[in-house]
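Engineer: This is the content of model21.cif (mmCIF, C-alpha atoms):
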data_data
loop_
_atom_site.label_atom_id
_atom_site.label_comp_id
_atom_site.auth_asym_id
_atom_site.auth_seq_id
_atom_site.Cartn_x
_atom_site.Cartn_y
_atom_site.Cartn_z
CA MET A 1 0.59 -11.99 7.25
CA TYR A 2 1.45 -9.86 4.21
CA GLN A 3 0.87 -12.43 1.45
CA GLY A 4 -0.10 -10.60 -1.72
CA LYS A 5 0.85 -7.18 -0.34
CA THR A 6 3.39 -4.90 -1.96
CA VAL A 7 5.34 -2.81 0.51
CA LEU A 8 7.74 0.02 -0.16
CA VAL A 9 10.42 0.88 2.41
CA THR A 10 12.76 3.85 2.11
CA GLY A 11 16.26 3.54 3.51
CA ALA A 12 15.96 -0.22 3.21
CA SER A 13 19.65 -0.97 2.86
CA ARG A 14 20.59 -0.59 6.51
CA GLY A 15 19.50 0.18 10.02
CA LEU A 16 15.84 0.25 10.91
CA GLY A 17 14.77 0.26 7.25
CA ASN A 18 16.62 -3.00 6.77
CA ILE A 19 14.90 -4.48 9.82
CA ILE A 20 11.49 -3.36 8.57
CA ALA A 21 12.10 -4.63 5.01
CA ASN A 22 13.22 -8.00 6.42
CA HIS A 23 10.11 -8.17 8.58
CA PHE A 24 7.83 -7.75 5.57
CA LEU A 25 9.84 -10.24 3.53
CA ARG A 26 9.65 -12.81 6.34
CA ASN A 27 5.89 -12.32 6.31
CA ASN A 28 5.55 -12.97 2.57
CA ALA A 29 5.24 -9.43 1.22
CA ILE A 30 6.76 -8.20 -2.00
CA VAL A 31 9.17 -5.50 -0.87
CA ILE A 32 10.39 -2.54 -2.89
CA GLY A 33 13.43 -1.03 -1.21
CA LEU A 34 14.66 2.47 -1.93
CA SER A 35 18.05 3.71 -0.86
CA LYS A 36 21.02 5.67 -2.06
CA SER A 37 23.28 2.62 -1.98
CA ASP A 38 23.12 -0.34 -4.34
CA TYR A 39 22.53 -2.82 -1.56
CA THR A 40 20.14 -5.63 -2.41
CA PHE A 41 18.59 -8.35 -0.28
CA ASN A 42 19.20 -11.85 -1.48
CA HIS A 43 15.49 -12.55 -1.65
CA GLU A 44 13.31 -13.24 -4.66
CA SER A 45 10.55 -10.93 -3.38
CA TYR A 46 12.88 -7.98 -2.88
CA HIS A 47 13.24 -5.30 -5.55
CA HIS A 48 15.77 -2.55 -5.08
CA PHE A 49 15.78 0.93 -6.54
CA THR A 50 18.85 3.08 -6.08
CA ILE A 51 17.55 6.56 -5.52
CA ASP A 52 18.66 9.87 -4.10
CA LEU A 53 15.84 10.83 -1.77
CA SER A 54 17.10 14.40 -1.58
CA ASP A 55 16.38 14.79 -5.30
CA PRO A 56 12.70 15.15 -6.25
CA GLY A 57 13.54 14.39 -9.89
CA SER A 58 15.16 11.09 -8.92
CA ILE A 59 12.06 10.17 -6.90
CA THR A 60 9.65 10.98 -9.73
CA THR A 61 11.72 9.05 -12.27
CA SER A 62 11.99 5.99 -10.02
CA PHE A 63 8.27 5.98 -9.32
CA ARG A 64 7.51 6.02 -13.02
CA GLU A 65 9.44 2.75 -13.23
CA ILE A 66 7.90 1.39 -10.02
CA GLY A 67 4.42 2.16 -11.33
CA LYS A 68 5.10 0.19 -14.49
CA LYS A 69 6.61 -2.79 -12.67
CA PHE A 70 4.14 -3.11 -9.82
CA PRO A 71 0.41 -3.00 -10.50
CA LYS A 72 -0.39 -1.96 -6.95
CA LEU A 73 1.16 -0.64 -3.79
CA ASP A 74 -0.34 -1.42 -0.39
CA ILE A 75 2.01 -0.07 2.25
CA VAL A 76 4.83 2.46 2.40
CA VAL A 77 7.18 2.99 5.29
CA ASN A 78 8.98 6.32 5.11
CA ASN A 79 12.03 5.42 7.12
CA ALA A 80 14.99 7.04 5.37
CA ALA A 81 16.56 9.85 7.33
CA VAL A 82 19.87 11.52 7.91
CA LEU A 83 20.96 12.98 11.21
CA THR A 84 23.60 15.43 12.26
CA SER A 85 23.41 16.34 15.91
CA GLN A 86 25.07 19.69 16.42
CA TYR A 87 24.37 22.98 18.13
CA SER A 88 22.49 25.32 15.82
CA MET A 89 25.13 28.03 15.68
CA ILE A 90 27.79 25.63 14.41
CA MET A 91 25.63 23.24 12.35
CA PRO A 92 27.23 22.88 8.87
CA VAL A 93 24.89 24.33 6.23
CA LYS A 94 25.10 21.25 4.00
CA ASN A 95 24.11 18.91 6.84
CA ALA A 96 21.15 21.11 7.73
CA VAL A 97 19.97 21.23 4.12
CA ASP A 98 20.45 17.46 3.70
CA MET A 99 18.26 16.75 6.72
CA VAL A 100 15.45 18.92 5.35
CA ASN A 101 15.76 17.46 1.87
CA VAL A 102 15.90 13.78 2.85
CA ASN A 103 13.86 13.65 6.05
CA LEU A 104 11.10 16.11 5.21
CA LEU A 105 10.92 16.70 1.46
CA GLY A 106 11.95 13.13 0.63
CA THR A 107 9.07 11.87 2.76
CA PHE A 108 6.71 14.32 1.08
CA PHE A 109 7.66 13.37 -2.47
CA VAL A 110 7.68 9.61 -1.78
CA SER A 111 4.33 9.81 0.00
CA ARG A 112 2.63 11.67 -2.80
CA GLU A 113 3.97 9.34 -5.47
CA CYS A 114 2.87 6.35 -3.37
CA ALA A 115 -0.57 7.89 -2.92
CA LYS A 116 -0.95 8.08 -6.70
CA LEU A 117 -0.27 4.33 -6.93
CA MET A 118 -2.42 3.50 -3.92
CA ARG A 119 -5.33 5.43 -5.39
CA LYS A 120 -5.50 2.93 -8.21
CA GLY A 121 -5.72 0.07 -5.69
CA GLY A 122 -8.43 1.84 -3.73
CA LYS A 123 -6.57 1.73 -0.40
CA GLY A 124 -3.19 2.10 1.21
CA ARG A 125 -1.15 2.67 4.33
CA ILE A 126 1.48 5.36 4.68
CA ILE A 127 3.62 4.99 7.79
CA ASN A 128 6.21 7.60 8.72
CA ILE A 129 9.08 6.79 11.04
CA GLY A 130 9.19 9.78 13.35
CA SER A 131 11.29 10.34 16.40
CA MET A 132 11.12 11.12 20.08
CA ALA A 133 13.20 14.17 19.13
CA ALA A 134 10.07 15.80 17.72
CA THR A 135 8.55 16.10 21.17
CA LEU A 136 11.59 15.96 23.50
CA GLU A 137 13.35 18.66 21.43
CA PRO A 138 16.87 17.90 22.63
CA MET A 139 19.65 20.44 22.22
CA GLY A 140 21.68 19.79 19.09
CA ASP A 141 18.72 18.36 17.21
CA SER A 142 17.04 21.56 16.08
CA ILE A 143 16.82 20.65 12.40
CA TYR A 144 16.44 16.89 12.92
CA ALA A 145 13.65 17.38 15.47
CA ALA A 146 11.97 19.93 13.21
CA THR A 147 12.03 17.54 10.24
CA LYS A 148 10.60 14.74 12.38
CA ALA A 149 7.88 17.04 13.70
CA GLY A 150 7.36 18.04 10.09
CA ILE A 151 6.69 14.51 8.89
CA GLN A 152 4.09 14.09 11.63
CA THR A 153 2.32 17.16 10.27
CA LEU A 154 2.77 15.89 6.71
CA ALA A 155 1.09 12.63 7.66
CA ASN A 156 -1.75 14.42 9.40
CA VAL A 157 -2.49 16.70 6.45
CA MET A 158 -2.13 13.89 3.94
CA ALA A 159 -4.46 11.79 6.08
CA LYS A 160 -7.17 14.35 5.31
CA GLU A 161 -6.30 14.63 1.63
CA PHE A 162 -6.13 10.87 1.08
CA ALA A 163 -8.99 9.74 3.32
CA SER A 164 -11.44 9.52 0.44
CA MET A 165 -9.00 7.14 -1.28
CA ASN A 166 -8.93 4.88 1.82
CA VAL A 167 -5.27 5.69 2.33
CA THR A 168 -4.28 6.14 5.97
CA CYS A 169 -1.26 8.16 7.12
CA ASN A 170 0.29 7.67 10.53
CA THR A 171 3.56 8.23 12.36
CA ILE A 172 5.58 6.17 14.82
CA GLY A 173 7.70 8.25 17.16
CA ILE A 174 10.55 5.92 17.86
CA THR A 175 13.09 6.19 20.65
CA ALA A 176 16.75 5.25 20.27
CA ILE A 177 17.30 1.86 18.68
CA ASP A 178 20.61 0.13 18.01
CA THR A 179 21.22 0.97 14.37
CA ASP A 180 24.03 2.36 12.22
CA MET A 181 22.63 5.84 12.76
CA LEU A 182 22.83 5.56 16.53
CA ARG A 183 26.30 4.01 16.44
CA SER A 184 27.55 6.79 14.18
CA HIS A 185 27.07 9.39 16.92
CA THR A 186 30.05 10.91 18.65
CA PRO A 187 30.79 9.64 22.18
CA SER A 188 29.38 12.85 23.67
CA ALA A 189 26.18 12.48 21.64
CA GLN A 190 25.96 8.85 22.78
CA GLU A 191 26.17 10.06 26.37
CA LYS A 192 23.41 12.57 25.72
CA ILE A 193 21.18 9.85 24.25
CA LYS A 194 21.91 7.60 27.23
CA GLU A 195 20.74 10.35 29.54
CA ILE A 196 17.58 10.94 27.51
CA ILE A 197 16.81 7.22 27.57
CA SER A 198 17.32 7.04 31.32
CA ASN A 199 14.66 9.72 31.76
CA LEU A 200 12.01 8.00 29.65
CA PRO A 201 9.01 6.51 31.46
CA VAL A 202 10.24 3.17 30.13
CA PRO A 203 13.97 3.76 30.47
CA ARG A 204 15.45 1.54 27.79
CA LYS A 205 16.26 1.66 24.10
CA ALA A 206 13.64 0.40 21.67
CA GLU A 207 13.91 -3.16 20.42
CA ALA A 208 13.18 -3.89 16.77
CA ASP A 209 9.96 -5.62 17.77
CA ASP A 210 8.72 -2.53 19.60
CA VAL A 211 8.78 -0.70 16.28
CA LEU A 212 7.50 -3.62 14.18
CA ASN A 213 4.54 -4.05 16.52
CA VAL A 214 3.33 -0.53 15.69
CA VAL A 215 4.22 -0.90 12.00
CA ASP A 216 2.00 -4.01 11.90
CA PHE A 217 -0.79 -2.15 13.69
CA PHE A 218 -0.78 0.77 11.26
CA ALA A 219 -0.31 -1.55 8.26
CA SER A 220 -3.16 -3.86 9.21
CA ASP A 221 -6.27 -4.07 7.04
CA ARG A 222 -8.16 -3.66 10.32
CA SER A 223 -6.65 -0.20 10.83
CA SER A 224 -8.65 1.52 8.10
CA TYR A 225 -10.20 3.82 10.72
CA ILE A 226 -6.83 4.75 12.23
CA THR A 227 -5.33 7.77 10.50
CA ALA A 228 -3.51 11.01 11.39
CA GLN A 229 -2.21 9.37 14.54
CA ILE A 230 1.19 9.47 16.20
CA ILE A 231 2.28 6.65 18.46
CA TYR A 232 5.35 7.34 20.54
CA LEU A 233 7.30 4.48 22.01
CA GLY A 234 8.70 4.33 25.52
CA GLY A 235 6.00 6.34 27.24
CA ILE A 236 6.69 9.65 25.51
CA ASN A 237 3.72 11.79 24.60
CA MET B 238 -0.40 13.93 -34.27
CA VAL B 239 -0.54 16.46 -31.46
CA SER B 240 -3.63 18.48 -32.22
CA GLN B 241 -6.22 20.21 -30.10
CA GLU B 242 -8.62 17.46 -31.08
CA LYS B 243 -6.28 14.77 -29.79
CA VAL B 244 -5.56 16.61 -26.53
CA THR B 245 -9.27 17.21 -25.97
CA ARG B 246 -9.92 13.52 -26.55
CA LEU B 247 -7.29 12.60 -23.94
CA ILE B 248 -8.76 15.06 -21.43
CA LEU B 249 -12.26 13.72 -21.94
CA LYS B 250 -11.04 10.13 -21.61
CA VAL B 251 -9.40 10.83 -18.24
CA LEU B 252 -12.43 12.77 -17.08
CA LYS B 253 -14.85 10.07 -18.15
CA ASP B 254 -12.80 7.36 -16.39
CA LEU B 255 -13.11 9.36 -13.18
CA ILE B 256 -16.79 10.12 -13.65
CA ASP B 257 -17.41 6.41 -14.14
CA THR B 258 -16.31 5.85 -10.53
CA PHE B 259 -19.01 8.26 -9.24
CA PRO B 260 -22.33 6.93 -7.91
CA GLU B 261 -24.67 6.39 -10.85
CA SER B 262 -26.87 9.36 -9.91
CA GLU B 263 -23.87 11.73 -10.09
CA GLN B 264 -22.49 10.54 -13.40
CA PHE B 265 -22.59 12.75 -16.50
CA VAL B 266 -21.12 12.83 -19.98
CA PRO B 267 -18.31 15.42 -20.17
CA ASN B 268 -17.77 17.59 -23.21
CA GLU B 269 -15.59 20.49 -24.31
CA LYS B 270 -17.64 22.97 -22.31
CA THR B 271 -17.53 21.01 -19.07
CA VAL B 272 -16.38 23.29 -16.24
CA LEU B 273 -13.61 21.78 -14.15
CA PHE B 274 -12.79 24.56 -11.71
CA GLY B 275 -14.42 27.65 -10.27
CA GLN B 276 -18.04 28.72 -10.55
CA GLY B 277 -20.16 25.98 -12.05
CA ALA B 278 -17.50 23.31 -11.56
CA THR B 279 -18.82 19.82 -12.15
CA ILE B 280 -16.24 18.05 -9.98
CA ASP B 281 -15.05 18.69 -6.43
CA SER B 282 -11.52 19.75 -5.55
CA LEU B 283 -10.26 16.26 -4.63
CA THR B 284 -11.61 14.84 -7.86
CA LEU B 285 -9.86 17.66 -9.70
CA VAL B 286 -6.59 16.63 -8.02
CA SER B 287 -7.09 13.03 -9.16
CA PHE B 288 -7.96 14.28 -12.63
CA VAL B 289 -4.75 16.33 -12.83
CA VAL B 290 -2.64 13.39 -11.59
CA ASP B 291 -4.13 11.02 -14.17
CA LEU B 292 -3.99 13.53 -17.00
CA GLU B 293 -0.35 14.45 -16.31
CA ALA B 294 0.57 10.76 -16.34
CA LEU B 295 -1.27 10.15 -19.61
CA LEU B 296 0.13 13.24 -21.34
CA THR B 297 3.66 12.44 -20.17
CA GLU B 298 3.30 8.96 -21.64
CA GLU B 299 1.71 10.18 -24.88
CA PHE B 300 4.12 13.02 -25.54
CA THR B 301 7.22 11.44 -23.92
CA GLN B 302 8.00 14.62 -22.03
CA ASP B 303 7.35 15.63 -18.44
CA ILE B 304 4.20 17.71 -18.31
CA SER B 305 3.13 19.59 -15.21
CA LEU B 306 -0.29 21.18 -15.34
CA THR B 307 0.01 22.98 -12.03
CA ASP B 308 3.32 24.82 -12.25
CA ASP B 309 3.72 28.59 -12.05
CA ARG B 310 2.68 29.10 -15.66
CA ALA B 311 -0.75 27.64 -14.96
CA MET B 312 -1.23 29.14 -11.52
CA THR B 313 -0.32 32.71 -12.46
CA ARG B 314 -2.56 33.06 -15.50
CA ALA B 315 -5.34 35.57 -15.17
CA LYS B 316 -7.77 32.95 -16.41
CA SER B 317 -7.38 29.47 -14.99
CA PRO B 318 -6.66 26.86 -17.67
CA PHE B 319 -8.90 24.55 -15.70
CA ASP B 320 -12.12 26.48 -16.16
CA THR B 321 -13.27 24.34 -19.09
CA VAL B 322 -12.05 21.27 -20.96
CA LEU B 323 -11.54 23.38 -24.08
CA ASN B 324 -9.37 25.97 -22.31
CA LEU B 325 -7.33 23.20 -20.73
CA ALA B 326 -6.72 21.64 -24.13
CA GLU B 327 -5.53 25.00 -25.46
CA TYR B 328 -3.24 25.42 -22.48
CA ILE B 329 -1.74 21.96 -22.91
CA LEU B 330 -0.98 22.71 -26.55
CA GLU B 331 0.87 25.82 -25.35
CA ILE B 332 3.12 23.89 -22.98
CA VAL B 333 3.84 20.80 -25.04
CA ASP B 334 7.26 21.00 -26.67
CA PRO B 335 6.74 22.70 -30.08
CA ALA B 336 9.39 20.44 -31.61
CA LEU B 337 7.23 17.50 -30.71
CA ILE B 338 4.20 19.04 -32.33
CA LYS B 339 6.22 19.67 -35.50
CA SER B 340 7.61 16.14 -35.55
CA ASN B 341 4.16 14.71 -35.07
CA ALA B 342 2.43 17.03 -37.48
#
Do you think you could lay out the structure here as structure tokens?

Structural biologist:
Amino acid sequence: MYQGKTVLVTGASRGLGNIIANHFLRNNAIVIGLSKSDYTFNHESYHHFTIDLSDPGSITTSFREIGKKFPKLDIVVNNAAVLTSQYSMIMPVKNAVDMVNVNLLGTFFVSRECAKLMRKGGKGRIINIGSMAATLEPMGDSIYAATKAGIQTLANVMAKEFASMNVTCNTIGITAIDTDMLRSHTPSAQEKIKEIISNLPVPRKAEADDVLNVVDFFASDRSSYITAQIIYLGGIN
Amino acid sequence: MVSQEKVTRLILKVLKDLIDTFPESEQFVPNEKTVLFGQGATIDSLTLVSFVVDLEALLTEEFTQDISLTDDRAMTRAKSPFDTVLNLAEYILEIVDPALIKSNA
């Protein structure tokens, strides 16, 4: 399905990013993975860049190298995110700043560097991994939800700026999915998530394929007229 | 050699490459007096963005130093460095590392 396509995935070393990177590799794409860890896929079409997504300088430097190595970039999935769920009044400052830097600014800097590469190819797809938190606004997720709402807005504004370059920008609002991030929650946070899930119109966690289905839709060549859209999973709107 | 002539040549090359992508009826030959921004601008704002992106990349490669054409220095000047090709060339010479100019002179 993705033969001849070059796809960049942030946070590719684990969790959902790993699932998404694997999906593209299985479907014959060349995959560029960005993450803070040195993890690499054992796959000839996988190229890893160790990068600190909270550092704009690190992003710019890496993209200079990526631009030299890869003549074109077709698809980017902005997946990397960090999450600390905590009540606002006791949220550690560092965790709050990290969420803004990685989730929001990291997505901004990666997207704009990708757009520069996509412009040369005459088209592209930017897909942001958002969250149900952006619209459900659960207690404890003030910063996380704000960053996820922020990347929706980023995508929508960039959709306008990049439309003339045939680059689309869309967001998938995912629900809870079994990943390292979800498992790292405290037992009380797990309980809270369970309750949120039970109140969804489709009361279950997301499966990997639920996410990949929408990734494929946004990434498709046929989706050139689909931009500045947010698709929530599980019946959220 | 980092000279105004060389910088102007680089600017005009980037500009011409972009103009070449325009429909034939909108193409023109840029020169030192070509207006890039403001009243009488010959390119629209999105083309100007593309121009800046391409020029920054080329200058960074040529001069082996990070060059930003849209930082505070550029944005706070009374007269925009983007009003004409010539003014932009002069501005770039101001922000390129003087040591580099000396070593290339």

Engineer: Box for stretch 29-45 of chain A: with edges along x, y and z, all listed atoms inside and 4 Å added on each side, what are the centre and edge lengths in Å to one decimal, as JSON?

Structural biologist:
{"center_x": 14.3, "center_y": -3.8, "center_z": -1.7, "size_x": 26.0, "size_y": 26.9, "size_z": 13.9}

Engineer: Counting only C-alpha atoms, what is within 12 Å of B:Thr258, bar same-chain residues fewer than 5 positions away, as a VMD selection string?

Structural biologist: (chain A and resid 120 122 165) or (chain B and resid 251 to 253 263 to 265 284 287)

Engineer: Return as JSON lines the residues of chain B lying at most 9 Å from chain A, together with the closest atom-to-atom pair for each and the distance in Å to one decimal, counting all atoms listed in the file, with rows in chain order and ascending residue number.

Structural biologist:
{"residue": "B:Leu283", "atom": "CA", "partner": "A:Glu161", "partner_atom": "CA", "distance": 7.6}
{"residue": "B:Ser287", "atom": "CA", "partner": "A:Lys116", "partner_atom": "CA", "distance": 8.3}
{"residue": "B:Val290", "atom": "CA", "partner": "A:Lys116", "partner_atom": "CA", "distance": 7.4}
{"residue": "B:Asp291", "atom": "CA", "partner": "A:Lys116", "partner_atom": "CA", "distance": 8.6}

Engineer: Apply the PyMOL selection byres ((chain A and resi 97-107) around 8) to the displayed file and report the matching residues as a ChimeraX atom specification.

Structural biologist: /A:53-56,78,80-84,93-96,108-111,128,143-144,147-148,150-151

Engineer: At a cut-off of 10 Å, using only C-alpha atoms, what residues contact stretch 273-280 of chain B? Leave out same-chain residues fewer than 5 positions from it and give the result as a ChimeraX atom specification.

Structural biologist: /B:252,255-256,263,265,267,285-286,288,317-322,325

Engineer: Could you expand the PyMOL selection byres ((chain A and resi 33) around 7) into the explicit residues it covers here, written as a ChimeraX atom specification?

Structural biologist: /A:8-10,12,31-32,34-35,47-49

Engineer: Could you write out that same residue set with C-alpha atoms as a PDB file, in the frame of the given file?

Structural biologist:
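Result file is selection.pdb:
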ATOM      1  CA  LEU A   8       7.740   0.020  -0.160  1.00  0.00           C
ATOM      2  CA  VAL A   9      10.420   0.880   2.410  1.00  0.00           C
ATOM      3  CA  THR A  10      12.760   3.850   2.110  1.00  0.00           C
ATOM      4  CA  ALA A  12      15.960  -0.220   3.210  1.00  0.00           C
ATOM      5  CA  VAL A  31       9.170  -5.500  -0.870  1.00  0.00           C
ATOM      6  CA  ILE A  32      10.390  -2.540  -2.890  1.00  0.00           C
ATOM      7  CA  LEU A  34      14.660   2.470  -1.930  1.00  0.00           C
ATOM      8  CA  SER A  35      18.050   3.710  -0.860  1.00  0.00           C
ATOM      9  CA  HIS A  47      13.240  -5.300  -5.550  1.00  0.00           C
ATOM     10  CA  HIS A  48      15.770  -2.550  -5.080  1.00  0.00           C
ATOM     11  CA  PHE A  49      15.780   0.930  -6.540  1.00  0.00           C
TER      12      PHE A  49
END

Engineer: Once the PyMOL selection byres ((chain B and resi 331) around 12) is applied to the coordinates I shared, what remains selected? I want it as a ChimeraX atom specification.

Structural biologist: /B:239-241,244,304,306,310-311,318,324-330,332-338

Engineer: Any idea what the distance is between atom CA of A:Gly4 and atom CA of A:Ile129?

Structural biologist: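 Straight-line distance from atom CA of A:Gly4 to atom CA of A:Ile129 works out to 23.4 Å.
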
Engineer: Quote the spacing between atom CA of A:Gly57 and atom CA of A:Lys72 in Å to one decimal place.

Structural biologist: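 Computing it gives 21.7 Å between the two atoms.
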
Engineer: What's around A:Asp209 at 10 Å? Count all atoms listed in the file, leave out sequence neighbours fewer than 6 positions away in its own chain, and write the answer as a PyMOL selection string.

Structural biologist: chain A and resi 19-20+23+215

Engineer: So that I have them on file, write out the residues from the current selection with C-alpha atoms, as a CSV table (one decimal), keeping the file's coordinate frame.

Structural biologist:
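Saved the output as again_10.csv:
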chain,number,residue,atom,x,y,z
A,19,ILE,CA,14.9,-4.5,9.8
A,20,ILE,CA,11.5,-3.4,8.6
A,23,HIS,CA,10.1,-8.2,8.6
A,215,VAL,CA,4.2,-0.9,12.0

Engineer: In Å, with one decimal, what is the gap from atom CA of A:Gly130 to atom CA of A:Thr186?

Structural biologist: 21.6 Å

Engineer: From the options A:Ala228, A:Ile196, A:Glu191, A:Met132, which residue's atoms come nearest to A:Ala159, counting only C-alpha atoms?

Structural biologist: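 Closest residue, counting only C-alpha atoms: A:Ala228.
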
Engineer: Emit stretch 282-302 of chain B of the structure in the block as a file comprising N, CA and C atoms, as a CSV table (one decimal), in the first residue's frame.

Structural biologist:
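The result, stored in decode18.csv:
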chain,number,residue,atom,x,y,z
B,282,SER,N,2.3,36.5,-0.2
B,282,SER,CA,2.9,36.2,1.1
B,282,SER,C,3.4,34.7,1.3
B,283,LEU,N,2.6,33.8,0.7
B,283,LEU,CA,3.0,32.4,0.8
B,283,LEU,C,4.2,32.1,0.0
B,284,THR,N,4.3,32.7,-1.2
B,284,THR,CA,5.5,32.6,-2.0
B,284,THR,C,6.7,33.2,-1.2
B,285,LEU,N,6.5,34.3,-0.5
B,285,LEU,CA,7.6,34.9,0.2
B,285,LEU,C,8.1,33.9,1.3
B,286,VAL,N,7.1,33.2,1.9
B,286,VAL,CA,7.5,32.2,3.0
B,286,VAL,C,8.4,31.1,2.3
B,287,SER,N,8.0,30.6,1.2
B,287,SER,CA,8.8,29.6,0.5
B,287,SER,C,10.1,30.2,0.1
B,288,PHE,N,10.2,31.4,-0.3
B,288,PHE,CA,11.4,32.1,-0.7
B,288,PHE,C,12.4,32.1,0.5
B,289,VAL,N,11.8,32.5,1.7
B,289,VAL,CA,12.7,32.6,2.9
B,289,VAL,C,13.2,31.3,3.3
B,290,VAL,N,12.3,30.3,3.2
B,290,VAL,CA,12.7,28.9,3.6
B,290,VAL,C,13.9,28.4,2.7
B,291,ASP,N,13.7,28.6,1.4
B,291,ASP,CA,14.7,28.2,0.4
B,291,ASP,C,16.0,29.0,0.6
B,292,LEU,N,15.9,30.3,0.8
B,292,LEU,CA,17.1,31.1,0.9
B,292,LEU,C,17.8,30.8,2.2
B,293,GLU,N,17.1,30.6,3.3
B,293,GLU,CA,17.8,30.3,4.5
B,293,GLU,C,18.6,29.0,4.4
B,294,ALA,N,18.0,28.0,3.7
B,294,ALA,CA,18.7,26.7,3.5
B,294,ALA,C,19.9,26.9,2.7
B,295,LEU,N,19.8,27.7,1.6
B,295,LEU,CA,20.9,27.9,0.7
B,295,LEU,C,22.1,28.6,1.4
B,296,LEU,N,21.7,29.7,2.1
B,296,LEU,CA,22.7,30.5,2.8
B,296,LEU,C,23.4,29.7,3.9
B,297,THR,N,22.6,28.9,4.6
B,297,THR,CA,23.2,28.1,5.7
B,297,THR,C,24.2,27.1,5.1
B,298,GLU,N,23.9,26.6,4.0
B,298,GLU,CA,24.8,25.6,3.3
B,298,GLU,C,26.0,26.3,2.8
B,299,GLU,N,25.8,27.5,2.2
B,299,GLU,CA,26.9,28.2,1.6
B,299,GLU,C,27.9,28.8,2.6
B,300,PHE,N,27.3,29.3,3.7
B,300,PHE,CA,28.2,30.0,4.7
B,300,PHE,C,28.5,29.1,5.9
B,301,THR,N,28.0,27.9,5.9
B,301,THR,CA,28.1,26.9,7.0
B,301,THR,C,27.9,27.5,8.4
B,302,GLN,N,26.8,28.3,8.5
B,302,GLN,CA,26.4,28.8,9.8
B,302,GLN,C,24.8,29.0,9.7
